[in-house]
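**Q** One file: final_22.pdb (PDB, C-alpha atoms and all ligand atoms).
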```
ATOM      1  CA  MET A 146      27.849 -45.322-100.462
ATOM      2  CA  PRO A 147      31.438 -44.832 -99.279
ATOM      3  CA  LYS A 148      32.812 -47.532 -97.048
ATOM      4  CA  ILE A 149      34.831 -47.067 -93.888
ATOM      5  CA  SER A 150      37.013 -49.822 -92.385
ATOM      6  CA  PHE A 151      38.098 -50.006 -88.774
ATOM      7  CA  VAL A 152      41.206 -51.989 -87.890
ATOM      8  CA  ILE A 153      41.491 -52.850 -84.201
ATOM      9  CA  PRO A 154      44.145 -55.106 -82.650
ATOM     10  CA  ILE A 155      43.056 -57.015 -79.575
ATOM     11  CA  TYR A 156      45.277 -58.784 -77.101
ATOM     12  CA  ASN A 157      43.567 -59.984 -73.932
ATOM     13  CA  GLU A 158      40.971 -57.221 -73.832
ATOM     14  CA  ALA A 159      37.943 -59.298 -72.754
ATOM     15  CA  HIS A 160      36.739 -56.565 -70.379
ATOM     16  CA  ILE A 161      36.764 -53.927 -73.040
ATOM     17  CA  ILE A 162      35.643 -55.364 -76.371
ATOM     18  CA  GLU A 163      31.888 -55.122 -75.859
ATOM     19  CA  GLU A 164      32.054 -51.576 -74.534
ATOM     20  CA  PHE A 165      34.331 -50.609 -77.407
ATOM     21  CA  TYR A 166      31.906 -52.119 -79.926
ATOM     22  CA  ARG A 167      28.929 -50.403 -78.285
ATOM     23  CA  ARG A 168      30.609 -47.008 -78.463
ATOM     24  CA  LEU A 169      31.829 -47.502 -82.004
ATOM     25  CA  LYS A 170      28.323 -48.449 -83.151
ATOM     26  CA  LEU A 171      26.897 -45.290 -81.570
ATOM     27  CA  VAL A 172      29.485 -43.263 -83.455
ATOM     28  CA  LEU A 173      28.626 -45.022 -86.711
ATOM     29  CA  VAL A 174      24.978 -44.109 -86.308
ATOM     30  CA  ALA A 175      25.672 -40.549 -85.200
ATOM     31  CA  ASP A 176      28.528 -39.497 -87.479
ATOM     32  CA  PHE A 177      28.784 -42.004 -90.330
ATOM     33  CA  SER A 178      25.171 -42.797 -91.199
ATOM     34  CA  GLY A 179      25.851 -42.287 -94.901
ATOM     35  CA  PHE A 180      28.598 -44.923 -94.905
ATOM     36  CA  SER A 181      28.771 -48.656 -95.109
ATOM     37  CA  TYR A 182      31.305 -50.063 -92.711
ATOM     38  CA  GLU A 183      33.444 -53.027 -91.710
ATOM     39  CA  ILE A 184      34.965 -53.527 -88.271
ATOM     40  CA  ILE A 185      38.015 -55.764 -88.384
ATOM     41  CA  PHE A 186      39.195 -57.081 -85.049
ATOM     42  CA  ILE A 187      42.533 -58.860 -85.016
ATOM     43  CA  ASP A 188      42.839 -61.237 -82.114
ATOM     44  CA  ASP A 189      46.567 -61.285 -81.548
ATOM     45  CA  GLY A 190      46.727 -64.644 -79.791
ATOM     46  CA  SER A 191      44.680 -63.635 -76.746
ATOM     47  CA  VAL A 192      44.598 -66.179 -73.949
ATOM     48  CA  ASP A 193      41.522 -64.779 -72.192
ATOM     49  CA  GLU A 194      37.873 -64.709 -73.282
ATOM     50  CA  SER A 195      38.505 -62.213 -76.094
ATOM     51  CA  PRO A 196      38.230 -64.765 -78.955
ATOM     52  CA  ARG A 197      34.853 -66.036 -77.689
ATOM     53  CA  ILE A 198      33.501 -62.521 -77.272
ATOM     54  CA  LEU A 199      34.637 -61.563 -80.768
ATOM     55  CA  GLU A 200      33.067 -64.681 -82.283
ATOM     56  CA  LYS A 201      29.808 -63.876 -80.551
ATOM     57  CA  LEU A 202      29.849 -60.318 -81.899
ATOM     58  CA  HIS A 203      30.592 -61.615 -85.398
ATOM     59  CA  VAL A 204      27.468 -63.774 -85.285
ATOM     60  CA  LEU A 205      25.399 -60.702 -84.366
ATOM     61  CA  ASP A 206      26.994 -58.321 -86.846
ATOM     62  CA  LYS A 207      28.087 -59.562 -90.237
ATOM     63  CA  ASN A 208      29.992 -56.338 -90.837
ATOM     64  CA  LEU A 209      32.277 -57.358 -88.015
ATOM     65  CA  GLN A 210      35.213 -59.499 -89.067
ATOM     66  CA  VAL A 211      37.603 -61.360 -86.828
ATOM     67  CA  ILE A 212      41.113 -62.430 -87.762
ATOM     68  CA  GLN A 213      42.449 -64.883 -85.226
ATOM     69  CA  PHE A 214      46.214 -65.258 -85.146
ATOM     70  CA  SER A 215      47.782 -68.603 -84.286
ATOM     71  CA  ARG A 216      49.800 -66.890 -81.545
ATOM     72  CA  ASN A 217      50.815 -63.451 -80.348
ATOM     73  CA  PHE A 218      52.551 -61.671 -83.219
ATOM     74  CA  GLY A 219      52.482 -58.172 -81.812
ATOM     75  CA  HIS A 220      50.495 -54.969 -82.082
ATOM     76  CA  HIS A 221      51.997 -53.666 -85.323
ATOM     77  CA  ILE A 222      51.742 -56.997 -87.126
ATOM     78  CA  ALA A 223      48.106 -57.211 -86.055
ATOM     79  CA  LEU A 224      47.477 -53.767 -87.545
ATOM     80  CA  THR A 225      49.099 -54.977 -90.757
ATOM     81  CA  ALA A 226      46.879 -58.055 -90.973
ATOM     82  CA  GLY A 227      43.802 -55.884 -90.504
ATOM     83  CA  SER A 228      44.765 -53.387 -93.152
ATOM     84  CA  ASP A 229      45.635 -56.262 -95.504
ATOM     85  CA  VAL A 230      41.961 -57.263 -95.683
ATOM     86  CA  ALA A 231      40.406 -53.811 -95.274
ATOM     87  CA  LYS A 232      38.414 -52.814 -98.341
ATOM     88  CA  GLY A 233      37.053 -49.444 -97.280
ATOM     89  CA  ASP A 234      37.489 -46.149 -99.081
ATOM     90  CA  PHE A 235      38.775 -44.963 -95.711
ATOM     91  CA  VAL A 236      40.728 -47.039 -93.225
ATOM     92  CA  VAL A 237      40.867 -46.191 -89.527
ATOM     93  CA  MET A 238      43.483 -47.766 -87.244
ATOM     94  CA  MET A 239      42.949 -47.549 -83.514
ATOM     95  CA  ASP A 240      43.698 -49.356 -80.271
ATOM     96  CA  GLY A 241      40.976 -51.456 -78.726
ATOM     97  CA  ASP A 242      41.347 -50.298 -75.143
ATOM     98  CA  LEU A 243      39.291 -47.097 -75.593
ATOM     99  CA  GLN A 244      42.327 -44.886 -75.128
ATOM    100  CA  ASP A 245      41.692 -43.939 -78.731
ATOM    101  CA  GLN A 246      38.117 -42.796 -78.404
ATOM    102  CA  PRO A 247      35.607 -43.731 -81.109
ATOM    103  CA  GLU A 248      33.884 -40.341 -80.660
ATOM    104  CA  GLU A 249      37.017 -38.629 -81.994
ATOM    105  CA  ILE A 250      37.053 -40.462 -85.331
ATOM    106  CA  ILE A 251      34.841 -37.816 -86.901
ATOM    107  CA  LYS A 252      37.483 -35.168 -86.118
ATOM    108  CA  LEU A 253      40.061 -37.177 -88.034
ATOM    109  CA  TYR A 254      37.635 -37.718 -90.892
ATOM    110  CA  ASN A 255      36.692 -34.044 -91.110
ATOM    111  CA  LYS A 256      40.323 -33.064 -91.285
ATOM    112  CA  LEU A 257      40.888 -35.675 -94.012
ATOM    113  CA  THR A 258      38.178 -34.134 -96.139
ATOM    114  CA  ASP A 259      40.045 -30.818 -95.938
ATOM    115  CA  GLY A 260      42.321 -32.395 -98.525
ATOM    116  CA  TYR A 261      44.673 -34.811 -96.776
ATOM    117  CA  ASP A 262      45.453 -38.484 -97.314
ATOM    118  CA  VAL A 263      46.441 -39.424 -93.768
ATOM    119  CA  VAL A 264      45.270 -37.757 -90.580
ATOM    120  CA  TYR A 265      46.800 -38.990 -87.367
ATOM    121  CA  ALA A 266      45.674 -38.216 -83.864
ATOM    122  CA  GLU A 267      47.816 -35.961 -81.779
ATOM    123  CA  ARG A 268      47.139 -36.612 -78.146
ATOM    124  CA  MET A 269      46.674 -33.417 -76.202
ATOM    125  CA  ASN A 270      46.811 -35.017 -72.781
ATOM    126  CA  LYS A 271      48.582 -38.302 -72.471
ATOM    127  CA  LYS A 272      47.065 -40.582 -69.910
ATOM    128  CA  PHE A 273      50.376 -42.175 -69.113
ATOM    129  CA  GLY A 274      52.586 -41.900 -66.074
ATOM    130  CA  TYR A 275      55.084 -39.074 -65.716
ATOM    131  CA  ILE A 276      58.117 -41.174 -66.600
ATOM    132  CA  GLN A 277      56.416 -42.720 -69.598
ATOM    133  CA  ASN A 278      55.405 -39.295 -70.877
ATOM    134  CA  TRP A 279      58.936 -38.112 -70.547
ATOM    135  CA  LEU A 280      60.344 -41.206 -72.242
ATOM    136  CA  SER A 281      57.931 -40.897 -75.112
ATOM    137  CA  LYS A 282      58.862 -37.220 -75.579
ATOM    138  CA  ALA A 283      62.561 -38.068 -75.534
ATOM    139  CA  PHE A 284      61.954 -40.874 -77.989
ATOM    140  CA  ASN A 285      60.128 -38.622 -80.414
ATOM    141  CA  ILE A 286      62.874 -36.021 -80.310
ATOM    142  CA  ALA A 287      65.580 -38.656 -80.750
ATOM    143  CA  ILE A 288      63.786 -40.215 -83.670
ATOM    144  CA  LYS A 289      63.396 -36.873 -85.448
ATOM    145  CA  LYS A 290      67.132 -36.323 -85.095
ATOM    146  CA  LEU A 291      68.052 -39.846 -86.088
ATOM    147  CA  ILE A 292      65.899 -40.423 -89.092
ATOM    148  CA  ASN A 293      66.949 -38.282 -91.965
ATOM    149  CA  GLU A 294      63.935 -39.166 -94.030
ATOM    150  CA  PRO A 295      60.653 -37.348 -94.156
ATOM    151  CA  ILE A 296      58.860 -39.707 -91.806
ATOM    152  CA  VAL A 297      55.974 -38.538 -89.705
ATOM    153  CA  ILE A 298      56.688 -39.845 -86.247
ATOM    154  CA  ASN A 299      54.105 -39.834 -83.555
ATOM    155  CA  SER A 300      53.558 -42.276 -80.764
ATOM    156  CA  THR A 301      49.903 -43.043 -81.442
ATOM    157  CA  ILE A 302      48.659 -45.350 -84.168
ATOM    158  CA  PHE A 303      45.206 -43.727 -84.126
ATOM    159  CA  ARG A 304      44.761 -42.502 -87.698
ATOM    160  CA  ILE A 305      42.553 -42.452 -90.754
ATOM    161  CA  MET A 306      43.832 -42.886 -94.294
ATOM    162  CA  THR A 307      42.449 -43.056 -97.784
ATOM    163  CA  LYS A 308      42.240 -46.311 -99.691
ATOM    164  CA  GLN A 309      45.112 -45.201-101.886
ATOM    165  CA  VAL A 310      47.438 -44.868 -98.891
ATOM    166  CA  ALA A 311      46.209 -48.109 -97.323
ATOM    167  CA  ASP A 312      46.808 -49.992-100.579
ATOM    168  CA  ASN A 313      50.346 -48.680-100.792
ATOM    169  CA  VAL A 314      51.050 -49.546 -97.163
ATOM    170  CA  LYS A 315      50.200 -53.143 -98.082
ATOM    171  CA  LEU A 316      53.176 -53.216-100.437
ATOM    172  CA  LEU A 317      55.676 -52.840 -97.601
ATOM    173  CA  ARG A 318      56.256 -56.287 -96.158
ATOM    174  CA  GLU A 319      59.191 -55.847 -93.815
ATOM    175  CA  ARG A 320      59.109 -57.994 -90.718
ATOM    176  CA  ASN A 321      60.719 -55.527 -88.343
ATOM    177  CA  ARG A 322      57.679 -53.411 -88.450
ATOM    178  CA  TYR A 323      56.944 -49.981 -87.186
ATOM    179  CA  ILE A 324      53.582 -49.184 -88.695
ATOM    180  CA  ILE A 325      53.785 -45.438 -88.061
ATOM    181  CA  GLY A 326      57.038 -45.317 -89.978
ATOM    182  CA  VAL A 327      55.612 -47.478 -92.747
ATOM    183  CA  VAL A 328      52.590 -45.217 -93.210
ATOM    184  CA  GLY A 329      54.889 -42.201 -93.143
ATOM    185  CA  TRP A 330      57.248 -43.711 -95.672
ATOM    186  CA  VAL A 331      54.645 -44.165 -98.415
ATOM    187  CA  GLY A 332      54.213 -40.409 -98.472
ATOM    188  CA  PHE A 333      51.093 -38.479 -99.541
ATOM    189  CA  LYS A 334      49.711 -35.581 -97.532
ATOM    190  CA  HIS A 335      49.723 -36.003 -93.769
ATOM    191  CA  ALA A 336      48.123 -33.883 -91.099
ATOM    192  CA  ALA A 337      47.470 -34.104 -87.380
ATOM    193  CA  ALA A 338      44.209 -33.593 -85.552
ATOM    194  CA  GLU A 339      44.139 -33.025 -81.831
ATOM    195  CA  VAL A 340      42.274 -35.551 -79.724
ATOM    196  CA  GLU A 341      41.804 -36.396 -76.082
ATOM    197  CA  HIS A 342      43.752 -39.402 -74.933
ATOM    198  CA  GLY A 343      41.311 -41.528 -72.966
ATOM    199  CA  GLU A 344      41.922 -43.681 -69.923
ATOM    200  CA  ARG A 345      42.335 -47.374 -70.476
ATOM    201  CA  TYR A 346      38.795 -48.705 -69.994
ATOM    202  CA  GLY A 347      39.950 -51.787 -68.118
ATOM    203  CA  GLY A 348      42.723 -54.328 -67.916
ATOM    204  CA  LYS A 349      46.380 -53.479 -68.089
ATOM    205  CA  GLY A 350      48.646 -51.948 -70.734
ATOM    206  CA  LYS A 351      50.349 -54.666 -72.776
ATOM    207  CA  TYR A 352      53.513 -52.740 -73.379
ATOM    208  CA  ASN A 353      56.145 -53.065 -70.703
ATOM    209  CA  LEU A 354      59.376 -51.152 -70.807
ATOM    210  CA  SER A 355      61.217 -53.852 -72.738
ATOM    211  CA  LYS A 356      58.482 -54.072 -75.417
ATOM    212  CA  ARG A 357      58.575 -50.297 -75.752
ATOM    213  CA  MET A 358      62.339 -50.351 -76.075
ATOM    214  CA  SER A 359      62.206 -52.945 -78.805
ATOM    215  CA  LEU A 360      59.579 -50.887 -80.651
ATOM    216  CA  ALA A 361      61.824 -47.860 -80.344
ATOM    217  CA  LEU A 362      64.753 -49.855 -81.731
ATOM    218  CA  ASP A 363      62.576 -51.127 -84.567
ATOM    219  CA  ALA A 364      61.661 -47.562 -85.388
ATOM    220  CA  ILE A 365      65.266 -46.464 -85.469
ATOM    221  CA  PHE A 366      67.022 -49.423 -87.052
ATOM    222  CA  SER A 367      64.408 -50.255 -89.653
ATOM    223  CA  PHE A 368      64.182 -46.704 -90.978
ATOM    224  CA  SER A 369      67.652 -45.358 -90.720
ATOM    225  CA  ASN A 370      71.262 -46.318 -91.111
ATOM    226  CA  TYR A 371      72.278 -43.230 -89.215
ATOM    227  CA  PRO A 372      73.643 -45.360 -86.306
ATOM    228  CA  LEU A 373      76.167 -46.851 -88.745
ATOM    229  CA  LYS A 374      77.291 -43.395 -89.800
ATOM    230  CA  LEU A 375      77.437 -42.355 -86.182
ATOM    231  CA  ILE A 376      79.822 -45.149 -85.193
ATOM    232  CA  THR A 377      82.086 -44.326 -88.109
ATOM    233  CA  ARG A 378      82.244 -40.765 -86.839
ATOM    234  CA  VAL A 379      82.922 -41.888 -83.284
ATOM    235  CA  GLY A 380      85.703 -44.130 -84.597
ATOM    236  CA  LEU A 381      87.262 -41.243 -86.501
ATOM    237  CA  PHE A 382      87.025 -39.012 -83.457
ATOM    238  CA  LEU A 383      88.793 -41.632 -81.314
ATOM    239  CA  MET A 384      91.527 -41.972 -83.907
ATOM    240  CA  VAL A 385      92.187 -38.243 -83.916
ATOM    241  CA  LEU A 386      92.157 -38.225 -80.134
ATOM    242  CA  SER A 387      94.659 -41.087 -79.823
ATOM    243  CA  PHE A 388      96.882 -39.445 -82.419
ATOM    244  CA  LEU A 389      96.956 -36.234 -80.376
ATOM    245  CA  ALA A 390      97.616 -38.208 -77.184
ATOM    246  CA  GLY A 391     100.511 -39.950 -78.934
ATOM    247  CA  ILE A 392     102.054 -36.645 -79.956
ATOM    248  CA  TYR A 393     101.662 -35.356 -76.427
ATOM    249  CA  ILE A 394     103.427 -38.397 -74.950
ATOM    250  CA  ILE A 395     106.313 -38.234 -77.413
ATOM    251  CA  TYR A 396     106.653 -34.507 -76.783
ATOM    252  CA  LYS A 397     106.860 -34.953 -73.000
ATOM    253  CA  LYS A 398     109.304 -37.810 -73.302
ATOM    254  CA  PHE A 399     111.747 -36.189 -75.702
ATOM    255  CA  ILE A 400     111.577 -32.566 -74.655
ATOM    256  CA  TYR A 401     111.342 -33.009 -70.873
ATOM    257  CA  GLY A 402     112.437 -36.600 -70.539
ATOM    258  CA  VAL A 403     109.306 -37.368 -68.481
ATOM    259  CA  PRO A 404     107.798 -40.734 -69.324
ATOM    260  CA  VAL A 405     103.977 -40.863 -68.914
ATOM    261  CA  LEU A 406     103.015 -42.893 -65.869
ATOM    262  CA  GLY A 407     101.430 -46.088 -67.048
ATOM    263  CA  TRP A 408      98.741 -48.065 -65.387
ATOM    264  CA  SER A 409      95.760 -45.732 -64.844
ATOM    265  CA  SER A 410      95.898 -44.024 -68.199
ATOM    266  CA  LEU A 411      96.346 -47.346 -69.914
ATOM    267  CA  ILE A 412      93.421 -49.021 -68.234
ATOM    268  CA  VAL A 413      91.137 -46.047 -68.906
ATOM    269  CA  ALA A 414      92.065 -46.073 -72.570
ATOM    270  CA  VAL A 415      91.546 -49.825 -72.831
ATOM    271  CA  LEU A 416      88.158 -49.687 -71.140
ATOM    272  CA  VAL A 417      86.883 -46.717 -73.135
ATOM    273  CA  ILE A 418      87.933 -48.177 -76.444
ATOM    274  CA  GLY A 419      86.785 -51.669 -75.481
ATOM    275  CA  GLY A 420      83.374 -50.300 -74.500
ATOM    276  CA  MET A 421      83.055 -48.303 -77.699
ATOM    277  CA  GLN A 422      83.945 -51.286 -79.808
ATOM    278  CA  THR A 423      81.409 -53.468 -78.093
ATOM    279  CA  ILE A 424      78.693 -50.890 -78.713
ATOM    280  CA  MET A 425      79.745 -50.551 -82.338
ATOM    281  CA  LEU A 426      79.663 -54.293 -82.821
ATOM    282  CA  GLY A 427      76.213 -54.281 -81.243
ATOM    283  CA  VAL A 428      75.012 -51.691 -83.741
ATOM    284  CA  ILE A 429      76.389 -53.665 -86.673
ATOM    285  CA  GLY A 430      74.921 -56.840 -85.181
ATOM    286  CA  GLU A 431      71.547 -55.156 -84.989
ATOM    287  CA  TYR A 432      71.565 -54.622 -88.768
ATOM    288  CA  VAL A 433      72.962 -58.063 -89.545
ATOM    289  CA  GLY A 434      70.334 -59.687 -87.335
ATOM    290  CA  ARG A 435      67.561 -57.738 -88.988
ATOM    291  CA  ASN A 436      68.866 -58.727 -92.385
ATOM    292  CA  TYR A 437      68.836 -62.344 -91.309
ATOM    293  CA  ILE A 438      65.212 -62.142 -90.193
ATOM    294  CA  GLU A 439      64.132 -60.388 -93.402
ATOM    295  CA  ASP A 440      66.084 -62.855 -95.529
ATOM    296  CA  LYS A 441      64.130 -65.815 -94.234
ATOM    297  CA  ASN A 442      61.143 -64.231 -95.858
ATOM    298  CA  ARG A 443      58.632 -65.837 -93.555
ATOM    299  CA  PRO A 444      55.030 -64.716 -93.647
ATOM    300  CA  LEU A 445      54.333 -61.794 -91.339
ATOM    301  CA  TYR A 446      51.627 -63.657 -89.456
ATOM    302  CA  ILE A 447      49.726 -66.929 -89.395
ATOM    303  CA  ILE A 448      45.935 -66.873 -89.341
ATOM    304  CA  LYS A 449      44.155 -69.580 -87.395
ATOM    305  CA  LYS A 450      40.658 -68.495 -88.276
ATOM    306  CA  TYR A 451      39.156 -65.689 -90.330
ATOM    307  CA  LEU A 452      35.519 -64.899 -89.640
ATOM    308  CA  HIS A 453      33.955 -62.695 -92.277
ATOM    309  CA  GLY A 454      30.906 -62.280 -94.480
TER
HETATM  310  N1  LIG A 501      48.019 -55.297 -78.534
HETATM  311  C1  LIG A 501      48.162 -56.331 -79.466
HETATM  312  N2  LIG A 501      49.230 -57.187 -79.367
HETATM  313  C2  LIG A 501      50.183 -57.057 -78.386
HETATM  314  C3  LIG A 501      50.044 -55.973 -77.480
HETATM  315  C4  LIG A 501      48.970 -55.113 -77.580
HETATM  316  O1  LIG A 501      47.340 -56.483 -80.364
HETATM  317  O2  LIG A 501      51.096 -57.863 -78.353
HETATM  318  C5  LIG A 501      46.868 -54.369 -78.654
HETATM  319  C6  LIG A 501      46.101 -54.098 -77.361
HETATM  320  O3  LIG A 501      45.070 -55.035 -77.159
HETATM  321  C7  LIG A 501      45.573 -52.700 -77.585
HETATM  322  C8  LIG A 501      46.637 -52.053 -78.439
HETATM  323  O4  LIG A 501      47.380 -53.117 -79.031
HETATM  324  O5  LIG A 501      44.352 -52.710 -78.318
HETATM  325  C9  LIG A 501      47.558 -51.140 -77.659
HETATM  326  O6  LIG A 501      48.092 -51.810 -76.541
HETATM  327  P1  LIG A 501      48.230 -51.102 -75.127
HETATM  328  O7  LIG A 501      46.966 -50.390 -74.782
HETATM  329  O8  LIG A 501      48.705 -52.118 -74.176
HETATM  330  O9  LIG A 501      49.378 -50.050 -75.433
HETATM  331  P2  LIG A 501      49.543 -48.600 -74.798
HETATM  332  O10 LIG A 501      48.239 -47.891 -74.904
HETATM  333  O11 LIG A 501      49.943 -48.834 -73.388
HETATM  334  O12 LIG A 501      50.615 -47.983 -75.646
HETATM  335 MG    MG A 502      46.489 -48.482 -74.525
END
```
Would you mind giving the structure from this file in structure tokens?

**A**
Amino acid sequence: MPKISFVIPIYNEAHIIEEFYRRLKLVLVADFSGFSYEIIFIDDGSVDESPRILEKLHVLDKNLQVIQFSRNFGHHIALTAGSDVAKGDFVVMMDGDLQDQPEEIIKLYNKLTDGYDVVYAERMNKKFGYIQNWLSKAFNIAIKKLINEPIVINSTIFRIMTKQVADNVKLLRERNRYIIGVVGWVGFKHAAAEVEHGERYGGKGKYNLSKRMSLALDAIFSFSNYPLKLITRVGLFLMVLSFLAGIYIIYKKFIYGVPVLGWSSLIVAVLVIGGMQTIMLGVIGEYVGRNYIEDKNRPLYIIKKYLHG
């Protein structure tokens, strides 16, 4: 019997877990009756009733595993911990708030059996606000431009992959983690399947703007050194520009005897170049800082309790 693993990160989702489990079980009966299964919930340091609810479900269903983190490590680290222990021939990653709908898993699976190794969900209708939709579109376009590697970028983590892909994903242990990029990086054959993006079943989204920004930066800085190339180019451009300005000033002075009037042009030049340099230092700092974090070589996560078997 083939085995299918489900990896589901949970952070303060007490209102949702039981409904999620109920719907997933229905799907298992309806669409995956010929499979054995394991459901791996990762409790990412929840401070609500989620850990108790998960423990209770584990007692009822021995195919349901719970990894409890010692604190909040973040969505993408939680996904990593889950896929680290997943043993299925197929591994499904999805959010636990029912925005990724269990009923759609079969669509991903069917597409996979058409001869792919990873099938990710493409959301037809995003149940986000207007601004967020727009931001996420802009982000996806920017990332495609920025990353000059064949990385499949898509804002949802909802996906199914074969054991071979999942095992290779385990080899990548970087701390600044963008799981979509990591899965893309290992290669193999990827395809998209269209799904409905559900409403959050309850509770609130855990990503605020600043968390989203830092995810976006992770995606860019951990997969590309294009920003470094970009600042070199900007620097070169500024040099050419200042050279031309210099020639212009000398020309005016010696041919017409008109000295360039000072203060405004000076202050503009100082501010523009000062601003540029600060940004460039920031970009370099971003890489140095990331290096520093990776160098410490700390474990990706700490497990407080692992309920399985
Ligand atoms: N999540 C997590 N750790 C966090 C934040 C979120 O494990 O620090 C989980 C959360 O419980 C949910 C999934 O990651 O199952 C996606 O989070 P959310 O729904 O808030 O993101 P959005 O759908 O708004 O992108
Ligand atoms: Mg969500």

**Q** Enumerate, as an NGL selection string, the residues matched when the PyMOL selection byres (((not hetatm)) within 8 of (chain A and resi 501)) is run on the file above.

**A** :A and (153-158 or 187-190 or 217-221 or 223-224 or 239-242 or 244 or 273 or 301 or 345 or 349-353)

**Q** Kindly give the distance, in Å, that separates CA of Asp262 in chain A and CA of Gly233 in chain A, rounded to a single decimal.

**A**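 Separating CA of Asp262 in chain A from CA of Gly233 in chain A is a distance of 13.8 Å.
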
**Q** Go through A:Asp312, A:Glu344, A:Glu267, A:Glu439 and flag the residue nearest ligand MG 502 (chain A), using only C-alpha atoms and all ligand atoms for the distances.

**A**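 Using only C-alpha atoms and all ligand atoms, the shortest distance to ligand MG 502 (chain A) belongs to A:Glu344.
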
**Q** Mind telling me what the PyMOL selection byres (((chain A and resi 186) around 12) and not hetatm) catches here, as JSON, numbers by chain?

**A** {"A": [150, 151, 152, 153, 154, 155, 156, 158, 162, 163, 165, 166, 183, 184, 185, 187, 188, 189, 190, 191, 195, 196, 198, 199, 200, 202, 203, 208, 209, 210, 211, 212, 213, 214, 220, 223, 224, 225, 226, 227, 228, 230, 231, 237, 238, 239, 240, 241, 450, 451, 452, 453]}

**Q** Which residue, A:Arg216, A:Arg443, A:His342, A:Arg197, has the smallest gap to ligand MG 502 (chain A) when you use all atoms listed in the file?

**A**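 Among A:Arg216, A:Arg443, A:His342, A:Arg197, it is A:His342 that comes nearest to ligand MG 502 (chain A).
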
**Q** Looking at A:Leu383, A:Ile325, A:Val433, A:Val174, which one is nearest to Gly419 in chain A, with distances taken over only C-alpha atoms?

**A**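 With only C-alpha atoms as the atom set, the closest residue is A:Leu383.
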
**Q** Can you list, as a list in words, every protein, DNA or RNA residue that comes within 9 Å of range 355-362 of chain A when you count all atoms listed in the file, leaving out same-chain residues fewer than 2 positions away?

**A** Phe284, Ile288, Arg322, Tyr323, Lys351, Tyr352, Asn353, Ala364, Ile365, Phe366 and Ser367 of chain A

**Q** Would you mind exporting the chosen residues as a CSV table (one decimal), keeping the file's coordinate frame, restricted to C-alpha atoms?

**A**
```csv
chain,number,residue,atom,x,y,z
A,284,PHE,CA,62.0,-40.9,-78.0
A,288,ILE,CA,63.8,-40.2,-83.7
A,322,ARG,CA,57.7,-53.4,-88.4
A,323,TYR,CA,56.9,-50.0,-87.2
A,351,LYS,CA,50.3,-54.7,-72.8
A,352,TYR,CA,53.5,-52.7,-73.4
A,353,ASN,CA,56.1,-53.1,-70.7
A,364,ALA,CA,61.7,-47.6,-85.4
A,365,ILE,CA,65.3,-46.5,-85.5
A,366,PHE,CA,67.0,-49.4,-87.1
A,367,SER,CA,64.4,-50.3,-89.7
```

**Q** CA of Asp234 in chain A and CA of Lys308 in chain A, how far apart in Å?

**A** 4.8 Å

**Q** Identify which of the residues A:Val385, A:Ile412, A:Ile429, A:Ile392 lies closest to Tyr371 in chain A, counting only C-alpha atoms when measuring atom-to-atom distances.

**A**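 Using only C-alpha atoms, Tyr371 in chain A sits closest to A:Ile429.
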
**Q** Please determine, counting only C-alpha atoms, which residue among A:Leu354, A:Met425, A:Trp330, A:Gly407 has the shortest atom-to-atom distance to Leu375 in chain A.

**A** A:Met425

**Q** To one decimal place in Å, what is the distance between CA of Phe388 in chain A and CA of Pro372 in chain A?

**A** 24.3 Å

**Q** A:Ala175, A:Val403, A:Met146, A:Ile302: which is nearest ligand MG 502 (chain A), counting all atoms listed in the file?

**A** A:Ile302

**Q** Could you write out as a list in words the residues that the PyMOL selection byres (((chain A and resi 181) around 6) and not hetatm) matches in the shown file?

**A**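 So the PyMOL selection byres (((chain A and resi 181) around 6) and not hetatm) ends up selecting Lys148, Phe180 and Tyr182 of chain A.
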
**Q** Skipping near chain neighbours, those fewer than 2 positions away, what residues fall within 12 Å of Asn313 in chain A using all atoms listed in the file, listed as a list of chain:residue names?

**A** A:Thr225, A:Ser228, A:Asp229, A:Asp262, A:Met306, A:Thr307, A:Lys308, A:Gln309, A:Val310, A:Ala311, A:Lys315, A:Leu316, A:Leu317, A:Arg318, A:Val327, A:Val328, A:Gly329, A:Trp330, A:Val331, A:Gly332, A:Phe333
